[in-house]
Amino acid sequence: AQSVTQLDSHVSVSEGTPVLLRCNYSSSYSPSLFWYVQHPNKGLQLLLKYTSAATLVKGINGFEAEFKKSETSFHLTKPSAHMSDAAEYFCVLGSNFGNEKLTFGTGTRLTIIP
Amino acid sequence: NAGVMQNPRHLVRRRGQEARLRCSPMKGHSHVYWYRQLPEEGLKFMVYLQKENIIDESGMPKERFSAEFPKEGPSILRIQQVVRGDSAAYFCASSPKSGVETQYFGPGTRLLVL
């Protein structure tokens with residue numbers, strides 16, 4: 001069975017400080033992992049993806065994530081938060097075995113304090 | 001290259017009416033996925049289609065919901081005899097092929113059942 005757990009439903013950080021959004025996964029197969037961002041009343045935009053290549057993945061807008069198999073984690077980080085980063089972030093699990101059903105975490109709402 | 005298009009963006013129906021949601025995948029994409037997002041929740045997989053074929057409908061409610069992706073034209077998600085519990089955002093995604101290819105999401109259709 002596949003599952004994704006986002007450990008924090010809400011995260012608040014001050015502008016200019018680091019961002020850490022935590023994600024743990026469970027998968028019977030070699031996983032593909034994604035982070036998507038959703039701005040209010042908008043669709044989902046892909047931030048970055050891991051598909052069994054480099055374990056440190058760099059994405060758009062300064063975000064990056066590190067795949068740690070031993071910890072079954074795929075945390076999202078950014079060195080310095082910007083006001084425009086305020087949004088809902090979803091950690092998403094796919095599979096290298098042709099499972100097209102993406103499994104979404106419940107989301108983390110990121111608030112940026114001016 | 002236009003992204004995934006969904007229409008309408010907002011749809012209001014009264015209980016018992018039918019709702020038809022349309023999705024045009026990105027150019028060159030022949031795989032379409034539908035997801036539902038209930039308020040304050042992550043997205044849940046509903047159905048995966050290729051042209052003229054339903055590949056996986058394990059996430060579709062057993063009654064009232066159907067989906068198609070004809071040879072010509074957009075994919076359609078149809079909800080018959082809507083109930084208040086169907087109120088949600090419905091997202092369509094597309095990919096050029098199956099497997100670990102990234103799914104690109106449309107802006108969603110927000111259905112409100114009165």
# chains A, B, ... in the order shown; residues from 1 in each chain; ligands from 1
call {"tool": "interface_residues", "arguments": {"of": "chain A", "to": "chain B", "cutoff": "12 Å", "atoms": "only C-alpha atoms", "output": "PyMOL selection string"}}
result
chain A and resi 3-6+9-10+30-52+88-109
call {"tool": "write_last_selection", "arguments": {"atoms": "C-alpha atoms", "output": "tab-separated table (two decimals), in the first residue's frame"}}
result
chain	number	residue	atom	x	y	z
A	3	SER	CA	0.69	6.49	1.52
A	4	VAL	CA	2.02	9.97	2.09
A	5	THR	CA	2.07	11.83	5.38
A	6	GLN	CA	2.63	15.55	5.56
A	9	SER	CA	-0.98	21.01	8.27
A	10	HIS	CA	0.11	24.64	8.77
A	30	SER	CA	10.62	2.20	-5.78
A	31	PRO	CA	8.89	5.55	-5.42
A	32	SER	CA	8.59	8.63	-7.54
A	33	LEU	CA	7.98	11.69	-5.42
A	34	PHE	CA	6.73	15.13	-6.32
A	35	TRP	CA	5.99	18.43	-4.66
A	36	TYR	CA	3.16	20.50	-6.11
A	37	VAL	CA	2.05	23.98	-5.05
A	38	GLN	CA	-1.49	25.30	-5.19
A	39	HIS	CA	-2.22	28.99	-4.92
A	40	PRO	CA	-5.74	29.97	-3.82
A	41	ASN	CA	-8.37	28.99	-6.39
A	42	LYS	CA	-5.70	27.97	-8.85
A	43	GLY	CA	-4.52	24.69	-10.29
A	44	LEU	CA	-1.49	22.74	-9.18
A	45	GLN	CA	1.98	23.63	-10.32
A	46	LEU	CA	4.86	21.17	-10.21
A	47	LEU	CA	7.73	22.40	-8.02
A	48	LEU	CA	10.07	19.44	-8.38
A	49	LYS	CA	10.21	15.68	-8.79
A	50	TYR	CA	12.38	12.74	-7.75
A	51	THR	CA	12.53	9.69	-10.02
A	52	SER	CA	15.49	7.63	-8.74
A	88	GLU	CA	-0.80	25.10	-0.15
A	89	TYR	CA	1.92	22.52	-0.78
A	90	PHE	CA	1.27	18.88	-1.59
A	91	CYS	CA	3.72	16.01	-1.34
A	92	VAL	CA	2.76	13.38	-3.92
A	93	LEU	CA	3.78	9.76	-4.39
A	94	GLY	CA	3.92	7.92	-7.68
A	95	SER	CA	5.58	4.65	-8.59
A	96	ASN	CA	8.17	3.42	-11.03
A	97	PHE	CA	6.05	0.33	-11.61
A	98	GLY	CA	3.48	2.04	-13.79
A	99	ASN	CA	1.10	3.09	-11.09
A	100	GLU	CA	-0.52	6.14	-12.60
A	101	LYS	CA	-2.59	6.84	-9.53
A	102	LEU	CA	-0.78	9.61	-7.76
A	103	THR	CA	-1.23	9.54	-4.01
A	104	PHE	CA	-1.51	12.98	-2.45
A	105	GLY	CA	-0.70	14.08	1.05
A	106	THR	CA	-3.26	16.19	2.86
A	107	GLY	CA	-1.30	19.37	2.21
A	108	THR	CA	0.62	21.95	4.21
A	109	ARG	CA	-0.56	25.53	4.22
call {"tool": "residues_around", "arguments": {"residues": "Glu64 (chain A)", "least_positions_apart": "4", "cutoff": "12 Å", "atoms": "only C-alpha atoms", "output": "VMD selection string"}}
result
chain A and resid 18 to 21 34 to 36 47 to 50 54 to 60 74 to 80
call {"tool": "atom_distance", "arguments": {"atom1": "CA of Gly73 (chain B)", "atom2": "CA of Ala19 (chain B)"}}
result
17.6 Å
call {"tool": "residues_around", "arguments": {"residues": "Pro74 (chain B)", "least_positions_apart": "3", "cutoff": "10 Å", "atoms": "only C-alpha atoms", "output": "VMD selection string"}}
result
chain B and resid 5 to 6 21 to 25 32 51 68 to 71 77
call {"tool": "write_last_selection", "arguments": {"atoms": "N, CA and C atoms", "output": "PDB file, in the first residue's frame"}}
result
ATOM      1  N   MET B   5      -6.614  22.457 -20.228  1.00  0.00           N
ATOM      2  CA  MET B   5      -7.759  23.361 -20.153  1.00  0.00           C
ATOM      3  C   MET B   5      -8.941  22.630 -19.519  1.00  0.00           C
ATOM      4  N   GLN B   6      -9.605  23.314 -18.625  1.00  0.00           N
ATOM      5  CA  GLN B   6     -10.809  22.752 -18.027  1.00  0.00           C
ATOM      6  C   GLN B   6     -11.932  23.794 -18.114  1.00  0.00           C
ATOM      7  N   LEU B  21     -18.240  18.052 -16.741  1.00  0.00           N
ATOM      8  CA  LEU B  21     -16.980  18.765 -16.615  1.00  0.00           C
ATOM      9  C   LEU B  21     -16.088  18.333 -17.774  1.00  0.00           C
ATOM     10  N   ARG B  22     -15.446  19.323 -18.401  1.00  0.00           N
ATOM     11  CA  ARG B  22     -14.655  19.037 -19.586  1.00  0.00           C
ATOM     12  C   ARG B  22     -13.178  19.288 -19.344  1.00  0.00           C
ATOM     13  N   CYS B  23     -12.363  18.482 -19.995  1.00  0.00           N
ATOM     14  CA  CYS B  23     -10.922  18.606 -19.866  1.00  0.00           C
ATOM     15  C   CYS B  23     -10.251  18.386 -21.211  1.00  0.00           C
ATOM     16  N   SER B  24      -9.496  19.370 -21.659  1.00  0.00           N
ATOM     17  CA  SER B  24      -8.696  19.225 -22.871  1.00  0.00           C
ATOM     18  C   SER B  24      -7.238  19.088 -22.456  1.00  0.00           C
ATOM     19  N   PRO B  25      -6.615  17.945 -22.738  1.00  0.00           N
ATOM     20  CA  PRO B  25      -5.223  17.750 -22.310  1.00  0.00           C
ATOM     21  C   PRO B  25      -4.274  18.634 -23.104  1.00  0.00           C
ATOM     22  N   VAL B  32      -5.178  10.962 -19.642  1.00  0.00           N
ATOM     23  CA  VAL B  32      -5.920  11.925 -18.828  1.00  0.00           C
ATOM     24  C   VAL B  32      -6.288  11.295 -17.495  1.00  0.00           C
ATOM     25  N   LYS B  51      -7.188   7.541 -24.852  1.00  0.00           N
ATOM     26  CA  LYS B  51      -8.176   7.767 -25.908  1.00  0.00           C
ATOM     27  C   LYS B  51      -9.077   6.532 -26.063  1.00  0.00           C
ATOM     28  N   GLU B  68     -15.348   9.681 -19.810  1.00  0.00           N
ATOM     29  CA  GLU B  68     -15.004   9.227 -21.146  1.00  0.00           C
ATOM     30  C   GLU B  68     -13.920  10.129 -21.722  1.00  0.00           C
ATOM     31  N   PHE B  69     -13.212   9.586 -22.690  1.00  0.00           N
ATOM     32  CA  PHE B  69     -12.193  10.343 -23.411  1.00  0.00           C
ATOM     33  C   PHE B  69     -12.288   9.871 -24.863  1.00  0.00           C
ATOM     34  N   PRO B  70     -13.150  10.523 -25.644  1.00  0.00           N
ATOM     35  CA  PRO B  70     -13.400  10.044 -27.001  1.00  0.00           C
ATOM     36  C   PRO B  70     -12.211  10.293 -27.924  1.00  0.00           C
ATOM     37  N   LYS B  71     -12.289   9.682 -29.088  1.00  0.00           N
ATOM     38  CA  LYS B  71     -11.216   9.828 -30.068  1.00  0.00           C
ATOM     39  C   LYS B  71     -11.013  11.292 -30.441  1.00  0.00           C
ATOM     40  N   LEU B  77     -16.113  14.357 -17.563  1.00  0.00           N
ATOM     41  CA  LEU B  77     -16.511  13.718 -16.302  1.00  0.00           C
ATOM     42  C   LEU B  77     -17.966  14.106 -16.078  1.00  0.00           C
TER      43      LEU B  77
END
call {"tool": "atom_distance", "arguments": {"atom1": "CA of Val11 (chain A)", "atom2": "CA of Ser27 (chain A)"}}
result
25.6 Å
call {"tool": "atom_distance", "arguments": {"atom1": "CA of Leu7 (chain A)", "atom2": "CA of Ala88 (chain B)"}}
result
24.0 Å
call {"tool": "select_by_dssp", "arguments": {"residues": "chain B", "states": "strand (DSSP E)", "output": "ChimeraX atom specification"}}
result
/B:5-7,10-13,19-24,31-37,43-50,53-56,65-68,75-79,88-95,104-105,109-113
call {"tool": "closest_residue", "arguments": {"among": "A:Thr17, A:Asn61, A:Ile113, A:Asn24", "to": "Ser73 (chain A)", "atoms": "only C-alpha atoms"}}
result
A:Asn24
